[in-house]
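What follows is a single structure, written as C-alpha coordinates, with notes after it.
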Amino acid sequence: QKEVEQNSGPLSVPEGAIASLNCTYSDRGSQSFFWYRQYSGKSPELIMSIYSNGDKEDGRFTAQLNKASQYVSLLIRDSQPSDSATYLCAVNILGTSYGKLTFGQGTILTVHP
Amino acid sequence: DTEVTQTPKHLVMGMTNKKSLKCEQHMGHRAMYWYKQKAKKPPELMFVYSYEKLSINESVPSRFSPECPNSSLLNLHLHALQPEDSALYLCASSQDVRLNTGELFFGEGSRLTVL
(Lines give C-alpha, C1' and ligand atoms only; values in the text may rest on other atoms or scores of the structure.)
Protein backbone atom coordinates (compact mmCIF):
# COMPACT_ATOMS: atom_id res chain seq x y z
CA GLN A 1 0.00 0.00 0.00
CA LYS A 2 1.36 3.42 -0.95
CA GLU A 3 1.86 5.78 1.95
CA VAL A 4 -0.14 8.59 0.34
CA GLU A 5 -2.72 7.85 -2.32
CA GLN A 6 -4.80 10.26 -4.33
CA ASN A 7 -7.92 9.54 -6.32
CA SER A 8 -6.96 8.60 -9.82
CA GLY A 9 -7.53 11.27 -12.39
CA PRO A 10 -7.78 13.05 -14.48
CA LEU A 11 -10.74 14.90 -13.03
CA SER A 12 -12.79 17.09 -15.33
CA VAL A 13 -15.46 19.48 -14.05
CA PRO A 14 -17.43 22.28 -15.67
CA GLU A 15 -16.76 25.89 -14.77
CA GLY A 16 -18.67 26.89 -11.65
CA ALA A 17 -18.90 23.35 -10.27
CA ILE A 18 -17.33 21.96 -7.11
CA ALA A 19 -14.15 19.95 -7.66
CA SER A 20 -13.45 17.32 -5.02
CA LEU A 21 -9.95 15.95 -4.61
CA ASN A 22 -9.27 13.09 -2.24
CA CYS A 23 -6.25 11.69 -0.48
CA THR A 24 -5.71 8.81 1.93
CA TYR A 25 -2.62 8.07 3.97
CA SER A 26 -1.36 4.94 5.62
CA ASP A 27 0.25 6.14 8.86
CA ARG A 28 -2.33 6.80 11.55
CA GLY A 29 0.09 8.98 13.51
CA SER A 30 0.61 11.51 10.73
CA GLN A 31 0.29 15.07 11.96
CA SER A 32 0.45 17.53 9.11
CA PHE A 33 -1.30 17.60 5.76
CA PHE A 34 -0.85 19.83 2.76
CA TRP A 35 -2.24 20.53 -0.67
CA TYR A 36 0.07 21.86 -3.35
CA ARG A 37 -1.02 23.07 -6.77
CA GLN A 38 1.29 22.69 -9.75
CA TYR A 39 0.57 24.27 -13.10
CA SER A 40 2.05 22.57 -16.13
CA GLY A 41 5.72 23.47 -16.46
CA LYS A 42 5.74 25.34 -13.13
CA SER A 43 6.79 24.52 -9.59
CA PRO A 44 4.45 23.40 -6.80
CA GLU A 45 2.75 26.08 -4.74
CA LEU A 46 1.29 25.51 -1.28
CA ILE A 47 -2.42 26.31 -1.23
CA MET A 48 -3.66 24.71 1.98
CA SER A 49 -2.28 23.20 5.16
CA ILE A 50 -4.38 21.45 7.80
CA TYR A 51 -3.36 20.01 11.13
CA SER A 52 -6.61 19.33 13.02
CA ASN A 53 -9.69 17.29 12.29
CA GLY A 54 -12.45 19.19 10.58
CA ASP A 55 -12.68 21.79 7.86
CA LYS A 56 -10.42 24.69 7.02
CA GLU A 57 -11.62 27.26 4.53
CA ASP A 58 -9.62 29.77 2.52
CA GLY A 59 -11.59 31.59 -0.12
CA ARG A 60 -12.92 29.05 -2.62
CA PHE A 61 -10.80 26.27 -1.13
CA THR A 62 -11.80 24.00 1.75
CA ALA A 63 -9.53 21.34 3.18
CA GLN A 64 -11.15 18.56 5.19
CA LEU A 65 -9.28 16.23 7.53
CA ASN A 66 -10.55 13.05 9.14
CA LYS A 67 -7.73 11.39 11.06
CA ALA A 68 -9.87 8.45 12.15
CA SER A 69 -10.50 7.57 8.52
CA GLN A 70 -7.00 8.68 7.48
CA TYR A 71 -8.50 10.87 4.84
CA VAL A 72 -7.87 14.42 3.67
CA SER A 73 -9.70 16.19 0.89
CA LEU A 74 -9.69 19.48 -0.97
CA LEU A 75 -12.87 21.07 -2.26
CA ILE A 76 -12.71 23.84 -4.82
CA ARG A 77 -15.97 25.77 -5.08
CA ASP A 78 -16.98 27.76 -8.15
CA SER A 79 -14.19 26.11 -10.15
CA GLN A 80 -12.51 28.28 -12.74
CA PRO A 81 -10.46 27.33 -15.80
CA SER A 82 -7.49 28.87 -13.98
CA ASP A 83 -7.82 26.08 -11.39
CA SER A 84 -6.77 23.56 -14.03
CA ALA A 85 -3.57 22.08 -12.64
CA THR A 86 -2.12 19.04 -10.89
CA TYR A 87 -2.98 18.92 -7.19
CA LEU A 88 -0.51 17.18 -4.92
CA CYS A 89 -1.43 15.89 -1.49
CA ALA A 90 1.51 15.81 0.93
CA VAL A 91 1.84 14.38 4.42
CA ASN A 92 4.40 14.42 7.21
CA ILE A 93 4.54 10.70 7.92
CA LEU A 94 5.17 9.95 11.58
CA GLY A 95 8.59 8.51 12.16
CA THR A 96 10.21 9.96 9.08
CA SER A 97 12.98 12.48 9.36
CA TYR A 98 12.11 16.06 10.08
CA GLY A 99 11.74 17.89 6.82
CA LYS A 100 10.59 14.89 4.82
CA LEU A 101 7.24 15.20 3.12
CA THR A 102 5.59 12.28 1.40
CA PHE A 103 3.73 13.28 -1.75
CA GLY A 104 0.89 11.52 -3.46
CA GLN A 105 1.04 10.93 -7.19
CA GLY A 106 -1.12 13.97 -7.90
CA THR A 107 -4.53 14.45 -9.46
CA ILE A 108 -4.85 16.37 -12.71
CA LEU A 109 -7.84 18.70 -12.62
CA THR A 110 -9.31 20.22 -15.76
CA VAL A 111 -12.02 22.86 -15.50
CA HIS A 112 -13.73 23.34 -18.82
CA PRO A 113 -15.72 26.45 -19.74
CA ASP B 1 7.15 36.60 -7.84
CA THR B 2 8.76 33.63 -6.15
CA GLU B 3 10.94 34.39 -3.13
CA VAL B 4 13.14 31.41 -3.90
CA THR B 5 15.30 32.11 -6.90
CA GLN B 6 16.94 29.39 -8.94
CA THR B 7 19.52 29.69 -11.68
CA PRO B 8 19.85 28.70 -14.40
CA LYS B 9 16.28 28.07 -15.53
CA HIS B 10 17.49 25.70 -18.25
CA LEU B 11 20.71 23.73 -18.50
CA VAL B 12 21.95 21.33 -21.14
CA MET B 13 25.07 19.38 -20.33
CA GLY B 14 27.04 16.44 -21.59
CA MET B 15 27.84 13.43 -19.49
CA THR B 16 31.41 14.59 -18.91
CA ASN B 17 30.56 18.16 -17.92
CA LYS B 18 30.62 19.72 -14.48
CA LYS B 19 27.93 22.27 -13.75
CA SER B 20 26.13 23.75 -10.76
CA LEU B 21 22.58 24.72 -9.93
CA LYS B 22 22.09 27.65 -7.59
CA CYS B 23 19.30 28.61 -5.24
CA GLU B 24 18.82 31.68 -3.06
CA GLN B 25 16.16 32.69 -0.56
CA HIS B 26 15.81 35.82 1.54
CA MET B 27 12.93 34.81 3.77
CA GLY B 28 15.12 34.00 6.76
CA HIS B 29 14.28 30.32 6.42
CA ARG B 30 16.68 27.88 8.06
CA ALA B 31 15.80 24.80 6.02
CA MET B 32 16.54 24.32 2.35
CA TYR B 33 15.78 21.41 0.07
CA TRP B 34 16.61 19.91 -3.29
CA TYR B 35 13.92 17.93 -5.08
CA LYS B 36 13.98 16.16 -8.41
CA GLN B 37 10.84 15.91 -10.49
CA LYS B 38 10.31 13.80 -13.59
CA ALA B 39 7.39 14.39 -15.94
CA LYS B 40 3.98 13.42 -14.51
CA LYS B 41 5.54 12.36 -11.19
CA PRO B 42 5.55 14.04 -7.79
CA PRO B 43 8.67 15.79 -6.49
CA GLU B 44 11.24 13.38 -5.09
CA LEU B 45 13.32 14.56 -2.14
CA MET B 46 17.08 14.52 -2.62
CA PHE B 47 18.64 16.57 0.19
CA VAL B 48 17.63 18.65 3.19
CA TYR B 49 19.82 21.23 4.89
CA SER B 50 18.91 22.46 8.34
CA TYR B 51 20.85 25.40 9.76
CA GLU B 52 23.40 24.94 6.96
CA LYS B 53 24.07 21.33 7.87
CA LEU B 54 23.06 18.38 5.75
CA SER B 55 20.30 16.58 7.63
CA ILE B 56 18.84 14.29 4.97
CA ASN B 57 20.46 12.61 1.99
CA GLU B 58 17.96 10.30 0.32
CA SER B 59 20.66 7.93 -0.95
CA VAL B 60 21.39 10.22 -3.86
CA PRO B 61 24.27 9.13 -6.17
CA SER B 62 27.53 10.93 -5.53
CA ARG B 63 27.43 12.56 -8.96
CA PHE B 64 25.10 15.02 -7.21
CA SER B 65 26.90 17.05 -4.57
CA PRO B 66 25.00 19.60 -2.47
CA GLU B 67 26.52 22.59 -0.75
CA CYS B 68 25.06 25.18 1.59
CA PRO B 69 27.54 28.09 1.85
CA ASN B 70 25.24 30.11 4.13
CA SER B 71 21.67 30.23 5.30
CA SER B 72 20.47 31.93 2.11
CA LEU B 73 22.28 29.91 -0.52
CA LEU B 74 22.07 26.33 -1.70
CA ASN B 75 24.02 24.80 -4.55
CA LEU B 76 23.83 21.49 -6.33
CA HIS B 77 27.03 20.47 -8.07
CA LEU B 78 26.61 18.10 -10.99
CA HIS B 79 29.30 15.84 -12.43
CA ALA B 80 29.28 12.87 -14.78
CA LEU B 81 25.51 12.79 -14.99
CA GLN B 82 23.50 10.26 -16.97
CA PRO B 83 20.71 10.97 -19.46
CA GLU B 84 18.21 9.55 -16.95
CA ASP B 85 19.14 12.42 -14.62
CA SER B 86 17.34 14.79 -16.97
CA ALA B 87 14.54 16.33 -14.91
CA LEU B 88 13.26 19.47 -13.25
CA TYR B 89 15.34 20.24 -10.17
CA LEU B 90 13.45 22.17 -7.56
CA CYS B 91 14.86 24.09 -4.67
CA ALA B 92 12.60 24.81 -1.71
CA SER B 93 12.86 26.43 1.68
CA SER B 94 10.89 26.29 4.90
CA GLN B 95 11.05 28.13 8.18
CA ASP B 96 12.64 25.39 10.28
CA VAL B 97 12.57 21.59 9.90
CA ARG B 98 12.25 21.25 13.67
CA LEU B 99 8.74 22.64 13.36
CA ASN B 100 8.13 19.54 11.24
CA THR B 101 5.76 21.29 8.90
CA GLY B 102 5.52 20.74 5.21
CA GLU B 103 5.06 24.37 4.33
CA LEU B 104 7.58 24.61 1.56
CA PHE B 105 8.28 27.53 -0.73
CA PHE B 106 9.53 26.28 -4.08
CA GLY B 107 11.66 28.07 -6.62
CA GLU B 108 10.72 27.95 -10.29
CA GLY B 109 13.10 25.09 -10.91
CA SER B 110 16.03 24.37 -13.17
CA ARG B 111 15.22 22.14 -16.11
CA LEU B 112 18.20 19.93 -16.77
CA THR B 113 18.85 17.97 -19.94
CA VAL B 114 21.76 15.54 -20.02
CA LEU B 115 22.90 14.52 -23.48
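Every chain in the C-alpha coordinates takes a letter, A first, then B, and so on in the order presented; its residues are numbered from 1, and the ligands are numbered from 1 following the presented order.
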
Fewer than 4 positions away in the same chain doesn't count, so skip those; otherwise give me all residues within 10 Å of A:Gly41, counting only C-alpha atoms, as a PDB file with N, CA, C and O atoms, in the first residue's frame.
ATOM      1  N   ALA B  39       8.701  14.057 -15.361  1.00  0.00           N
ATOM      2  CA  ALA B  39       7.391  14.386 -15.936  1.00  0.00           C
ATOM      3  C   ALA B  39       6.295  13.487 -15.369  1.00  0.00           C
ATOM      4  O   ALA B  39       6.466  12.263 -15.265  1.00  0.00           O
ATOM      5  N   LEU B  88      13.398  18.145 -13.848  1.00  0.00           N
ATOM      6  CA  LEU B  88      13.261  19.474 -13.253  1.00  0.00           C
ATOM      7  C   LEU B  88      13.801  19.388 -11.831  1.00  0.00           C
ATOM      8  O   LEU B  88      13.359  18.545 -11.048  1.00  0.00           O
ATOM      9  N   GLU B 108      11.319  28.291  -9.000  1.00  0.00           N
ATOM     10  CA  GLU B 108      10.716  27.953 -10.292  1.00  0.00           C
ATOM     11  C   GLU B 108      11.343  26.723 -10.933  1.00  0.00           C
ATOM     12  O   GLU B 108      10.807  26.178 -11.891  1.00  0.00           O
ATOM     13  N   GLY B 109      12.471  26.301 -10.406  1.00  0.00           N
ATOM     14  CA  GLY B 109      13.095  25.085 -10.913  1.00  0.00           C
ATOM     15  C   GLY B 109      14.137  25.350 -11.979  1.00  0.00           C
ATOM     16  O   GLY B 109      14.149  26.386 -12.640  1.00  0.00           O
ATOM     17  N   ARG B 111      15.491  23.308 -15.256  1.00  0.00           N
ATOM     18  CA  ARG B 111      15.217  22.144 -16.109  1.00  0.00           C
ATOM     19  C   ARG B 111      16.525  21.679 -16.727  1.00  0.00           C
ATOM     20  O   ARG B 111      17.151  22.404 -17.496  1.00  0.00           O
TER      21      ARG B 111
END

inquiry  = Within 10 Å of chain A, which residues belong to chain B? Use only C-alpha atoms and report them as a PyMOL selection string.
reply    = chain B and resi 2+31-33+37+39-50+55-56+58+88-92+94+96-111

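The shortest atom-to-atom distance to A:Tyr25, with only C-alpha atoms taken into account, belongs to A:Gln6 out of A:Ser84, A:Thr110, A:Gln6, A:Gln64.
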
task = Enumerate, as a ChimeraX atom specification, the complete set of residues in chain A that a backbone-based DSSP assignment places in strand (DSSP E or B).
result = /A:4-6,11-14,19-25,32-38,45-50,54-58,61-66,71-76,85-92,102-103,107-112

query = Within 10 Å of B:Lys22, counting only C-alpha atoms, which residues qualify if same-chain residues fewer than 5 places away don't, as a PyMOL selection string?
reply = chain B and resi 5-9+66-68+73-77+91+109-110

inquiry  = Just to confirm, what's the straight-line distance from atom CA of A:Glu5 to atom CA of B:Gln95 in Å (one decimal)?
reply    = 26.7 Å

message = Could you check the closest approach to A:Ser73 for each of A:Ser52, A:Ser30, A:Thr24, A:Ser8 and tell me which residue wins, using only C-alpha atoms?
response =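 Nearest to A:Ser73: A:Thr24.
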
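Atom CA of A:Cys23 lies 8.5 Å from atom CA of A:Gln70.
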
message = Please compute the atom CA of B:Trp34-atom CA of B:Asp85 distance, one decimal, in Å.
response = 13.8 Å
